[in-house]
Amino acid sequence: MVVLIVESASPSLRGELSKWMLEPRAGVFVGNVSATVRDLLYEKACREVESGGVTLIYNTNNEQGYAVRSYGDTSRQVEEWEGLFLVRRPNPVEPGAGRAGEQPPAPRDWADMLHPAIWAKTATPGRWGITLRPDEPSWHPLICHMIDVAMVAWRLWQYLLPPVVKEQMQASLGLADPEHAGRWIAFFAGLHDLGKASPAFAFKWPGAAERLVAEGFRPPGERQSFPHGFITAHRMREVLSRFGVPRSSAVAIGRAVGGHHGLFPDPQSMERAVDYAGGKRWRDAQDDLAAVLAHVLMVDALPPPTGDLLQDGAFLIRLAGLTSVADWIGSHHDYFPFAGDGVRLSAYPRRARWQAMKALIDLGWFHRPERVEPRPFHELFSFLPNRLQSQVQEVAERLEGPSLVLLEYPMGGGKTEAALYLANTLQATAGQQGFYVALPTMATSNQMFTRVSQYLSNRFPDQPINLQLLHGRADLNPSFARLLHRGRGLPDAPVIGSGEDGEANLLAAEWFTHKKQALLAPFGIGTIDQALLAALDTKHYFVRLFGLAGKVVVLDEVHAYDTYMQSLLGKLLTWLAACGSSVILLSATLPASTRNHLLAAFRKGLGQSPQAELSVAPYPRITWVSGSDAGSRQIEGAPSRTVVLRQFDAAGQDWMAALRDRLAAGGCAAVLCNTVGHAQETFLALQSYFAPEELMLFHARYPFDDRMALEQAVLERFGKRGDGRPHRMVCVATQVIEQSLDIDFDLMVSELAPVDLILQRSGRIWRHLRPDRPAHLERPELWLLLPPTSEGGVPQWDRATTRVYEEHLLLRSYLVLRDLPALSIPEGVEELIEAVYQPAPPPADLGPALADCWIRTAERLFQGDLKKRRQAAIREIPDLDEQIIDYTPAGLEEDAEEVHEAHQAMTRLGGPSVEVVCLYERDGQAYLTLDSTEPFDLTRKPDPEGVMALLGRSLRLSFNPALVKQILALPVPPEWEVTPHLRRHRLLRFAPDGTCLTADLPLELHPVLGLRQRNAETEVEV
């Protein structure tokens, strides 16, 4: 129940309130509305009431069962004493005394402390791209911007931060009242730009100089400019100490909010900050601005924080992230126009508070469920749980607070649904909000986006839900494009392969599509790279961590990452645990060493001993770590299957003839190659055994539009539904079909790869029950193509394969698989994995040549892993227990191939790469495709549709380092340099026959084979 009493309400205000509530008596409104609507109506009434006052009474979970808020002249004062709301008649001698819950009237001299001449933002041409409204002043006073940002931070705290994040940050502050904690955090965030009240910044705008000098502020002299955030950090110890904040905490807070432009102040810069902060006049102004902000937020009347924040990295990282986000929103000119010298303390904070709420609503922050209730599995998915999912339900009851759950279960066993069930349960019980699902590739992300879209639409059918797709080509995904249209209020665009619109409640709010802001969305699906960027020492990495804080993070196919990525992932898990997030890890095949590393990393973030032993049950299993519990249990009764193995010589074509004969009566087979070059060569060779319409090729080296069309064709032909399944077809592919794509073949041929990937590939054989499966293919079959061997029996790998996979793992996989008659799943999985990945000397019965190869390749693997760990260590963010004041940020560059790789934020190690746009040329004009009839004008800057068209013809090249460097030396077309999506792309022109016309590059673009290199030597792309 909500009661809103408005004295002296205008007819228009009463009419607006009557749309939501009943008015049984003039000015008295009664209704049952959500907390968000309640607060919006209260804010509207406070803004528009002409005289009199506003009183709000509503149910809440306290000792009295209700809360009271008031504004204006209500003839009564509502005060909160030790959690109880009391009403007092005002003292006639003091008619303006303050009311609890609202700021008290300003003393007479507050106006002298605003310093409107000290500016935060201006409309100087070329600065911030701001267009002024008619009669709008040309600058925004610093005090107004500080209030704007503080109000955004306060609104985020009130309505949008996950409960677990608020609880942890409140505990770090040592405050008993969550509202007090929120006001202090808003105060800290609002102080972020205090350093702009300094000569180093304030005299940057010539238009302010005269006013500043008139108020007694001296210009900076000959000194160069200095980051104003660093000056903020320098002054915070003294400023916050005046409000009772412990000095060590004040120093740490200063570093956190002073880094709002992306980099924390380093110790060396802090030693020089005093030279740029200004003299006494400037320090007095800084103190005034802080006092005004404290008065506005009423923290000057609150008990101060008592926690030791200097030692609390998780608090500081989240404070830094919150501050940057609040600053971005509080700088949005559409919602916070410039005030100039017309600022009035009696009105501006109330207006800023309203505008902060409006901005958050308009930008899509509230497109999320208000609450998530626990649901049994069958209600979430409309089918009964299998053995895995049933036991996941039991384990979920044992989880408390931020938790990690590792599901190791065979391919196609329903791990995704189990993860979504866990995500729903943890949101309902652990105070977490939203989730991010991370996958190895764009292709797997695209398919998961479809599955999760359907889930969210069914889970929250009556609520608008903001869902983001996060990878480098998300804009070109047609399903995501449709959600973007909805987010912009545009008509839906048709979606490839979709029928009726069952997801009308989903949208993608555009504000969240910017790369540093994407993880702030409540729900997201994307590549693992987007999450790992939160563990790399880039600008604003703390914003990404803040976006993941208090979420459930699902990491699929965790076995697919090398030592470098696993090192970054361990760092990420530690910080996620400390920041209140839960993590769900999914894998069909995970070595024990990797499992132990990831579990220990999460336990460290929870404050538990990472060295503590955890007894692990046999495979398949569920393993979990929670606040007060950890354990592991075997999933008994998992379906058992046998995949028959058949070994062939990879150097010959006997297997091709055998495959033709095996599919004589029909069937669908996959031929999985380890590189694009191998796939292209194999496809051409198979044309001697199969008709053209019985063959298809799928890999990553097509222009994006072509690749998406091929991916859709693969799903339609070999997907679960089977509507378009052909009578006989062979799909030659690379690892793009190895993981997460829900496709199913009757038989598979695979080049040899590490054993865990062979097991993974086997999950694409007989994945689904098919009553129409060809009768002669009576059981799952996997044919392995083994390399030729030397006289001593040592496998002779081609160079391309050893650039993709470690030779030692290939050797040991070869030894365990060369004579194996069948894969037994799940019974034999763990034995095979440990036989390859467990460090061990060569077996005694191994011949001398093989034993020597074992030792040499093992040492090479060890040294390589050591180097990868060192590479990760120099790029990753500080450890959880490293003090922020002792940390010098690296500021690694994202998407900057022109800088040395040592300074790049690399989520994966590898050679150089380059983005290219492939266009055809006829009669001196450019065309998007061979079939295009209209030329594409390259002489003008492309419009948004043109940008999307060009990106549709783009791909990333990395298979030949020398060729990549040659292409990087080409200039970016001038018309593209000013287009963010294209500014790093090079243009490649091709003749109608596919020959590359640019710089005599040895490339050919084939409509079926994709891009290939003539006379290729080494290829590593998949």
# chains A, B, ... in the order shown; residues from 1 in each chain; ligands from 1
$ select_by_dssp --residues "segment 646-753 of chain A" --states "alpha helix (DSSP H)" --output "number ranges by chain"
A: 654-662, 676-686, 704-718
$ write_last_selection --atoms "N, CA, C and O atoms" --output "tab-separated table (two decimals), in the first residue's frame"
chain	number	residue	atom	x	y	z
A	654	ASP	N	42.49	-43.30	-49.15
A	654	ASP	CA	41.69	-44.51	-48.93
A	654	ASP	C	40.44	-44.19	-48.13
A	654	ASP	O	39.37	-44.75	-48.36
A	655	TRP	N	40.59	-43.30	-47.19
A	655	TRP	CA	39.44	-42.97	-46.35
A	655	TRP	C	38.34	-42.30	-47.16
A	655	TRP	O	37.14	-42.43	-46.83
A	656	MET	N	38.69	-41.56	-48.21
A	656	MET	CA	37.67	-40.90	-49.03
A	656	MET	C	36.83	-41.92	-49.78
A	656	MET	O	35.60	-41.80	-49.84
A	657	ALA	N	37.51	-42.93	-50.33
A	657	ALA	CA	36.76	-43.99	-51.02
A	657	ALA	C	35.89	-44.75	-50.02
A	657	ALA	O	34.74	-45.10	-50.33
A	658	ALA	N	36.45	-45.01	-48.83
A	658	ALA	CA	35.67	-45.71	-47.80
A	658	ALA	C	34.46	-44.89	-47.37
A	658	ALA	O	33.37	-45.44	-47.12
A	659	LEU	N	34.63	-43.60	-47.27
A	659	LEU	CA	33.51	-42.74	-46.89
A	659	LEU	C	32.43	-42.75	-47.96
A	659	LEU	O	31.23	-42.80	-47.65
A	660	ARG	N	32.84	-42.71	-49.22
A	660	ARG	CA	31.86	-42.78	-50.31
A	660	ARG	C	31.06	-44.07	-50.21
A	660	ARG	O	29.82	-44.07	-50.33
A	661	ASP	N	31.75	-45.18	-49.96
A	661	ASP	CA	31.04	-46.46	-49.87
A	661	ASP	C	30.15	-46.51	-48.63
A	661	ASP	O	29.04	-47.05	-48.70
A	662	ARG	N	30.64	-45.94	-47.52
A	662	ARG	CA	29.85	-46.00	-46.27
A	662	ARG	C	28.57	-45.18	-46.39
A	662	ARG	O	27.56	-45.50	-45.74
A	676	VAL	N	42.26	-24.12	-42.01
A	676	VAL	CA	41.46	-23.76	-43.18
A	676	VAL	C	42.10	-24.32	-44.44
A	676	VAL	O	41.41	-24.83	-45.33
A	677	GLY	N	43.43	-24.24	-44.55
A	677	GLY	CA	44.10	-24.76	-45.73
A	677	GLY	C	43.82	-26.23	-45.94
A	677	GLY	O	43.54	-26.68	-47.06
A	678	HIS	N	43.90	-27.03	-44.86
A	678	HIS	CA	43.58	-28.45	-44.96
A	678	HIS	C	42.14	-28.64	-45.41
A	678	HIS	O	41.85	-29.53	-46.22
A	679	ALA	N	41.22	-27.86	-44.85
A	679	ALA	CA	39.81	-28.00	-45.19
A	679	ALA	C	39.58	-27.71	-46.68
A	679	ALA	O	38.83	-28.43	-47.36
A	680	GLN	N	40.20	-26.67	-47.19
A	680	GLN	CA	40.03	-26.32	-48.60
A	680	GLN	C	40.59	-27.42	-49.50
A	680	GLN	O	39.96	-27.82	-50.49
A	681	GLU	N	41.77	-27.94	-49.16
A	681	GLU	CA	42.36	-29.01	-49.96
A	681	GLU	C	41.52	-30.28	-49.89
A	681	GLU	O	41.32	-30.96	-50.91
A	682	THR	N	41.02	-30.61	-48.72
A	682	THR	CA	40.20	-31.81	-48.56
A	682	THR	C	38.90	-31.69	-49.34
A	682	THR	O	38.45	-32.65	-49.99
A	683	PHE	N	38.29	-30.52	-49.29
A	683	PHE	CA	37.05	-30.30	-50.04
A	683	PHE	C	37.27	-30.54	-51.54
A	683	PHE	O	36.46	-31.20	-52.20
A	684	LEU	N	38.36	-30.01	-52.06
A	684	LEU	CA	38.66	-30.19	-53.48
A	684	LEU	C	38.90	-31.66	-53.81
A	684	LEU	O	38.43	-32.17	-54.84
A	685	ALA	N	39.60	-32.38	-52.93
A	685	ALA	CA	39.88	-33.79	-53.17
A	685	ALA	C	38.61	-34.63	-53.14
A	685	ALA	O	38.46	-35.59	-53.91
A	686	LEU	N	37.69	-34.29	-52.26
A	686	LEU	CA	36.45	-35.07	-52.14
A	686	LEU	C	35.54	-34.90	-53.35
A	686	LEU	O	34.59	-35.68	-53.53
A	704	PHE	N	32.11	-11.89	-43.72
A	704	PHE	CA	31.20	-12.19	-42.61
A	704	PHE	C	29.80	-12.58	-43.07
A	704	PHE	O	29.21	-13.53	-42.54
A	705	ASP	N	29.23	-11.88	-44.04
A	705	ASP	CA	27.89	-12.23	-44.51
A	705	ASP	C	27.85	-13.65	-45.05
A	705	ASP	O	26.89	-14.41	-44.80
A	706	ASP	N	28.89	-14.02	-45.80
A	706	ASP	CA	28.93	-15.37	-46.35
A	706	ASP	C	29.07	-16.40	-45.23
A	706	ASP	O	28.45	-17.47	-45.27
A	707	ARG	N	29.88	-16.08	-44.23
A	707	ARG	CA	30.06	-17.02	-43.13
A	707	ARG	C	28.75	-17.20	-42.36
A	707	ARG	O	28.40	-18.32	-41.97
A	708	MET	N	28.04	-16.11	-42.11
A	708	MET	CA	26.77	-16.23	-41.40
A	708	MET	C	25.77	-17.07	-42.18
A	708	MET	O	25.04	-17.88	-41.62
A	709	ALA	N	25.73	-16.88	-43.51
A	709	ALA	CA	24.82	-17.68	-44.34
A	709	ALA	C	25.20	-19.16	-44.29
A	709	ALA	O	24.33	-20.04	-44.22
A	710	LEU	N	26.50	-19.44	-44.31
A	710	LEU	CA	26.95	-20.83	-44.23
A	710	LEU	C	26.61	-21.43	-42.86
A	710	LEU	O	26.18	-22.58	-42.76
A	711	GLU	N	26.81	-20.65	-41.80
A	711	GLU	CA	26.48	-21.13	-40.46
A	711	GLU	C	25.00	-21.47	-40.36
A	711	GLU	O	24.61	-22.50	-39.79
A	712	GLN	N	24.16	-20.61	-40.93
A	712	GLN	CA	22.73	-20.87	-40.91
A	712	GLN	C	22.40	-22.13	-41.71
A	712	GLN	O	21.57	-22.94	-41.30
A	713	ALA	N	23.08	-22.32	-42.85
A	713	ALA	CA	22.83	-23.51	-43.66
A	713	ALA	C	23.25	-24.78	-42.91
A	713	ALA	O	22.57	-25.81	-42.98
A	714	VAL	N	24.38	-24.71	-42.18
A	714	VAL	CA	24.82	-25.86	-41.39
A	714	VAL	C	23.79	-26.20	-40.32
A	714	VAL	O	23.45	-27.38	-40.11
A	715	LEU	N	23.27	-25.20	-39.65
A	715	LEU	CA	22.27	-25.45	-38.60
A	715	LEU	C	20.98	-26.02	-39.19
A	715	LEU	O	20.34	-26.90	-38.60
A	716	GLU	N	20.57	-25.51	-40.34
A	716	GLU	CA	19.34	-26.01	-40.96
A	716	GLU	C	19.49	-27.44	-41.43
A	716	GLU	O	18.55	-28.24	-41.35
A	717	ARG	N	20.67	-27.79	-41.93
A	717	ARG	CA	20.86	-29.13	-42.48
A	717	ARG	C	21.19	-30.17	-41.42
A	717	ARG	O	20.76	-31.33	-41.52
A	718	PHE	N	21.94	-29.78	-40.40
A	718	PHE	CA	22.43	-30.76	-39.44
A	718	PHE	C	22.01	-30.45	-38.01
A	718	PHE	O	22.50	-31.07	-37.07
$ closest_atom_pairs --of "segment 901-947 of chain A" --to "segment 872-890 of chain A" --cutoff "12 Å" --atoms "only C-alpha atoms" --output "Markdown table"
| residue | atom | partner | partner_atom | distance |
| --- | --- | --- | --- | --- |
| A:Glu901 | CA | A:Arg875 | CA | 10.6 |
| A:Ala902 | CA | A:Arg875 | CA | 8.3 |
| A:His903 | CA | A:Ala890 | CA | 7.9 |
| A:Gln904 | CA | A:Arg875 | CA | 8.4 |
| A:Ala905 | CA | A:Arg875 | CA | 7.1 |
| A:Met906 | CA | A:Arg875 | CA | 8.1 |
| A:Thr907 | CA | A:Ala872 | CA | 9.1 |
| A:Arg908 | CA | A:Ala872 | CA | 9.7 |
| A:Leu909 | CA | A:Ala872 | CA | 9.4 |
$ write_last_selection --atoms "N, CA, C and O atoms" --output "PDB file, in the first residue's frame"
ATOM      1  N   GLU A 901      53.071  -5.513 -29.568  1.00  0.00           N
ATOM      2  CA  GLU A 901      52.190  -6.451 -28.879  1.00  0.00           C
ATOM      3  C   GLU A 901      52.385  -6.434 -27.368  1.00  0.00           C
ATOM      4  O   GLU A 901      51.469  -6.800 -26.615  1.00  0.00           O
ATOM      5  N   ALA A 902      53.540  -5.997 -26.895  1.00  0.00           N
ATOM      6  CA  ALA A 902      53.757  -5.904 -25.451  1.00  0.00           C
ATOM      7  C   ALA A 902      52.811  -4.904 -24.803  1.00  0.00           C
ATOM      8  O   ALA A 902      52.567  -4.966 -23.595  1.00  0.00           O
ATOM      9  N   HIS A 903      52.278  -3.972 -25.580  1.00  0.00           N
ATOM     10  CA  HIS A 903      51.377  -2.945 -25.051  1.00  0.00           C
ATOM     11  C   HIS A 903      49.929  -3.174 -25.480  1.00  0.00           C
ATOM     12  O   HIS A 903      49.087  -2.294 -25.288  1.00  0.00           O
ATOM     13  N   GLN A 904      49.649  -4.332 -26.050  1.00  0.00           N
ATOM     14  CA  GLN A 904      48.286  -4.633 -26.489  1.00  0.00           C
ATOM     15  C   GLN A 904      47.553  -5.460 -25.437  1.00  0.00           C
ATOM     16  O   GLN A 904      48.140  -6.323 -24.781  1.00  0.00           O
ATOM     17  N   ALA A 905      46.270  -5.210 -25.315  1.00  0.00           N
ATOM     18  CA  ALA A 905      45.415  -5.993 -24.420  1.00  0.00           C
ATOM     19  C   ALA A 905      44.976  -7.248 -25.162  1.00  0.00           C
ATOM     20  O   ALA A 905      43.909  -7.292 -25.761  1.00  0.00           O
ATOM     21  N   MET A 906      45.810  -8.262 -25.128  1.00  0.00           N
ATOM     22  CA  MET A 906      45.574  -9.480 -25.898  1.00  0.00           C
ATOM     23  C   MET A 906      44.859 -10.507 -25.027  1.00  0.00           C
ATOM     24  O   MET A 906      45.382 -10.936 -24.003  1.00  0.00           O
ATOM     25  N   THR A 907      43.656 -10.893 -25.422  1.00  0.00           N
ATOM     26  CA  THR A 907      42.951 -11.956 -24.712  1.00  0.00           C
ATOM     27  C   THR A 907      43.405 -13.330 -25.178  1.00  0.00           C
ATOM     28  O   THR A 907      43.159 -14.326 -24.497  1.00  0.00           O
ATOM     29  N   ARG A 908      44.046 -13.381 -26.343  1.00  0.00           N
ATOM     30  CA  ARG A 908      44.601 -14.636 -26.867  1.00  0.00           C
ATOM     31  C   ARG A 908      45.982 -14.321 -27.456  1.00  0.00           C
ATOM     32  O   ARG A 908      46.162 -13.287 -28.084  1.00  0.00           O
ATOM     33  N   LEU A 909      46.899 -15.242 -27.246  1.00  0.00           N
ATOM     34  CA  LEU A 909      48.201 -15.088 -27.873  1.00  0.00           C
ATOM     35  C   LEU A 909      48.148 -15.611 -29.297  1.00  0.00           C
ATOM     36  O   LEU A 909      47.421 -16.551 -29.597  1.00  0.00           O
TER      37      LEU A 909
END
$ residues_around --residues "Arg368 of chain A" --least-positions-apart "6" --cutoff "9 Å" --atoms "only C-alpha atoms" --output "ChimeraX atom specification"
/A:433-434,463-466,521-523
$ closest_residue --among "A:Leu811, A:Ala153, A:Leu240, A:Gly864" --to "Ala851 of chain A" --atoms "only C-alpha atoms"
A:Leu811
$ residues_around --residues "Tyr159 of chain A" --least-positions-apart "4" --cutoff "10 Å" --atoms "only C-alpha atoms" --output "JSON, numbers by chain"
{"A": [35, 36, 154, 155, 163, 357, 365, 366, 370]}
$ write_last_selection --atoms "N, CA, C and O atoms" --output "CSV table (one decimal), in the first residue's frame"
chain,number,residue,atom,x,y,z
A,35,ALA,N,8.0,-0.1,-6.4
A,35,ALA,CA,8.9,0.8,-5.7
A,35,ALA,C,9.4,1.9,-6.7
A,35,ALA,O,9.5,3.1,-6.4
A,36,THR,N,9.6,1.5,-7.9
A,36,THR,CA,10.2,2.4,-8.9
A,36,THR,C,9.1,3.4,-9.3
A,36,THR,O,9.4,4.6,-9.3
A,154,TRP,N,23.7,7.8,-6.7
A,154,TRP,CA,22.7,7.5,-5.6
A,154,TRP,C,21.6,6.7,-6.2
A,154,TRP,O,21.1,5.7,-5.6
A,155,ARG,N,21.1,7.1,-7.4
A,155,ARG,CA,20.0,6.3,-8.0
A,155,ARG,C,20.5,4.9,-8.4
A,155,ARG,O,19.7,3.9,-8.2
A,163,PRO,N,21.8,-6.6,-4.8
A,163,PRO,CA,21.8,-6.6,-3.3
A,163,PRO,C,23.1,-7.1,-2.7
A,163,PRO,O,23.6,-6.5,-1.8
A,357,MET,N,17.3,10.1,-12.5
A,357,MET,CA,16.3,9.0,-12.7
A,357,MET,C,15.8,8.9,-14.1
A,357,MET,O,15.7,7.8,-14.7
A,365,TRP,N,18.3,1.4,-18.4
A,365,TRP,CA,18.8,0.7,-17.2
A,365,TRP,C,17.7,-0.1,-16.4
A,365,TRP,O,18.0,-1.1,-15.7
A,366,PHE,N,16.5,0.2,-16.6
A,366,PHE,CA,15.4,-0.5,-15.9
A,366,PHE,C,14.8,-1.6,-16.7
A,366,PHE,O,13.8,-2.2,-16.3
A,370,GLU,N,12.4,-6.8,-12.0
A,370,GLU,CA,12.5,-6.2,-10.6
A,370,GLU,C,12.9,-7.2,-9.6
A,370,GLU,O,13.7,-6.9,-8.7
$ residues_around --residues "Glu738 of chain A" --least-positions-apart "5" --cutoff "10 Å" --atoms "only C-alpha atoms" --output "PyMOL selection string"
chain A and resi 444+672+733+743+757-764
$ write_last_selection --atoms "all heavy atoms" --output "short mmCIF file (atom, residue, chain, number, x, y, z; two decimals), in the first residue's frame"
data_model
loop_
_atom_site.label_atom_id
_atom_site.label_comp_id
_atom_site.auth_asym_id
_atom_site.auth_seq_id
_atom_site.Cartn_x
_atom_site.Cartn_y
_atom_site.Cartn_z
N THR A 444 29.73 -19.74 -31.84
CA THR A 444 29.05 -20.33 -30.70
C THR A 444 28.24 -19.28 -29.94
O THR A 444 27.17 -19.58 -29.40
CB THR A 444 30.07 -21.01 -29.77
OG1 THR A 444 31.08 -20.06 -29.42
CG2 THR A 444 30.72 -22.18 -30.46
N LEU A 672 36.41 -33.11 -40.30
CA LEU A 672 36.89 -31.99 -39.49
C LEU A 672 38.40 -31.87 -39.64
O LEU A 672 39.15 -32.79 -39.27
CB LEU A 672 36.50 -32.20 -38.02
CG LEU A 672 36.21 -30.92 -37.25
CD1 LEU A 672 35.36 -31.21 -36.03
CD2 LEU A 672 37.50 -30.23 -36.84
N ALA A 733 34.76 -29.13 -42.62
CA ALA A 733 34.77 -27.95 -41.73
C ALA A 733 36.04 -27.94 -40.90
O ALA A 733 36.82 -28.90 -40.87
CB ALA A 733 33.55 -27.96 -40.83
N ILE A 743 24.67 -29.38 -33.53
CA ILE A 743 24.54 -30.07 -34.81
C ILE A 743 24.87 -31.55 -34.61
O ILE A 743 25.51 -31.93 -33.63
CB ILE A 743 25.45 -29.45 -35.89
CG1 ILE A 743 26.89 -29.31 -35.37
CG2 ILE A 743 24.92 -28.10 -36.32
CD1 ILE A 743 27.84 -28.72 -36.37
N LEU A 757 39.86 -32.69 -27.44
CA LEU A 757 39.13 -32.15 -28.58
C LEU A 757 38.55 -33.27 -29.44
O LEU A 757 37.50 -33.10 -30.06
CB LEU A 757 40.05 -31.25 -29.41
CG LEU A 757 40.64 -30.06 -28.64
CD1 LEU A 757 41.49 -29.20 -29.55
CD2 LEU A 757 39.53 -29.23 -28.00
N ILE A 758 39.23 -34.41 -29.50
CA ILE A 758 38.64 -35.56 -30.18
C ILE A 758 37.35 -35.98 -29.47
O ILE A 758 36.33 -36.27 -30.12
CB ILE A 758 39.65 -36.73 -30.23
CG1 ILE A 758 40.84 -36.36 -31.12
CG2 ILE A 758 38.97 -38.00 -30.72
CD1 ILE A 758 40.49 -36.12 -32.58
N LEU A 759 37.38 -36.00 -28.16
CA LEU A 759 36.16 -36.31 -27.41
C LEU A 759 35.08 -35.27 -27.67
O LEU A 759 33.90 -35.60 -27.83
CB LEU A 759 36.48 -36.39 -25.92
CG LEU A 759 37.28 -37.61 -25.47
CD1 LEU A 759 37.84 -37.40 -24.07
CD2 LEU A 759 36.41 -38.87 -25.52
N GLN A 760 35.51 -34.02 -27.71
CA GLN A 760 34.55 -32.94 -27.99
C GLN A 760 33.94 -33.12 -29.37
O GLN A 760 32.73 -32.97 -29.55
CB GLN A 760 35.26 -31.59 -27.90
CG GLN A 760 34.36 -30.39 -27.93
CD GLN A 760 33.55 -30.25 -26.66
OE1 GLN A 760 34.00 -30.64 -25.60
NE2 GLN A 760 32.35 -29.70 -26.76
N ARG A 761 34.75 -33.44 -30.35
CA ARG A 761 34.24 -33.64 -31.71
C ARG A 761 33.28 -34.82 -31.78
O ARG A 761 32.30 -34.80 -32.52
CB ARG A 761 35.42 -33.85 -32.67
CG ARG A 761 36.30 -32.62 -32.81
CD ARG A 761 37.57 -32.87 -33.65
NE ARG A 761 38.42 -31.69 -33.66
CZ ARG A 761 39.53 -31.57 -34.37
NH1 ARG A 761 39.95 -32.58 -35.13
NH2 ARG A 761 40.24 -30.45 -34.33
N SER A 762 33.56 -35.84 -30.98
CA SER A 762 32.67 -37.01 -30.99
C SER A 762 31.27 -36.66 -30.50
O SER A 762 30.31 -37.38 -30.78
CB SER A 762 33.25 -38.12 -30.12
OG SER A 762 33.12 -37.83 -28.74
N GLY A 763 31.16 -35.54 -29.77
CA GLY A 763 29.84 -35.11 -29.32
C GLY A 763 28.95 -34.60 -30.42
O GLY A 763 27.77 -34.33 -30.20
N ARG A 764 29.49 -34.45 -31.62
CA ARG A 764 28.69 -34.04 -32.78
C ARG A 764 28.23 -35.24 -33.60
O ARG A 764 27.69 -35.08 -34.68
CB ARG A 764 29.49 -33.08 -33.66
CG ARG A 764 29.34 -31.61 -33.29
CD ARG A 764 29.76 -31.33 -31.89
NE ARG A 764 29.37 -30.00 -31.42
CZ ARG A 764 29.29 -29.68 -30.15
NH1 ARG A 764 29.52 -30.58 -29.22
NH2 ARG A 764 28.95 -28.47 -29.78
#
$ residues_around --residues "Gln447 of chain A" --least-positions-apart "5" --cutoff "12 Å" --atoms "only C-alpha atoms" --output "MDAnalysis selection string"
chainID A and resid 416 437:442 452:454 469 477:480 525:527 708 711:712 714:715 719 736:737 739:743
$ select_by_dssp --residues "segment 106-270 of chain A" --states "strand (DSSP E or B)" --output "PyMOL selection string"
chain A and resi 119-122+139-141
$ residues_around --residues "segment 373-382 of chain A" --least-positions-apart "5" --cutoff "9 Å" --atoms "only C-alpha atoms" --output "ChimeraX atom specification"
/A:389-390,393,417-418,420-421,424-429,455,458-459
$ write_last_selection --atoms "C-alpha atoms" --output "PDB file, in the first residue's frame"
ATOM      1  CA  GLN A 389      19.829 -31.430 -14.138  1.00  0.00           C
ATOM      2  CA  SER A 390      18.161 -33.266 -11.253  1.00  0.00           C
ATOM      3  CA  GLN A 393      18.757 -28.896  -8.394  1.00  0.00           C
ATOM      4  CA  GLU A 417      19.868 -25.689 -19.331  1.00  0.00           C
ATOM      5  CA  ALA A 418      21.455 -26.729 -16.034  1.00  0.00           C
ATOM      6  CA  LEU A 420      20.483 -21.344 -16.771  1.00  0.00           C
ATOM      7  CA  TYR A 421      18.632 -23.046 -13.913  1.00  0.00           C
ATOM      8  CA  ASN A 424      18.015 -18.237 -11.995  1.00  0.00           C
ATOM      9  CA  THR A 425      18.383 -19.828  -8.556  1.00  0.00           C
ATOM     10  CA  LEU A 426      21.444 -17.787  -7.609  1.00  0.00           C
ATOM     11  CA  GLN A 427      19.751 -14.576  -8.692  1.00  0.00           C
ATOM     12  CA  ALA A 428      16.836 -15.456  -6.439  1.00  0.00           C
ATOM     13  CA  THR A 429      18.814 -16.629  -3.394  1.00  0.00           C
ATOM     14  CA  TYR A 455      14.747 -18.620 -22.496  1.00  0.00           C
ATOM     15  CA  ASN A 458       9.688 -17.285 -21.697  1.00  0.00           C
ATOM     16  CA  ARG A 459      11.095 -16.518 -18.252  1.00  0.00           C
TER      17      ARG A 459
END
$ closest_residue --among "A:Tyr805, A:Phe648, A:Tyr689, A:Trp282" --to "Leu663 of chain A" --atoms "only C-alpha atoms"
A:Tyr689
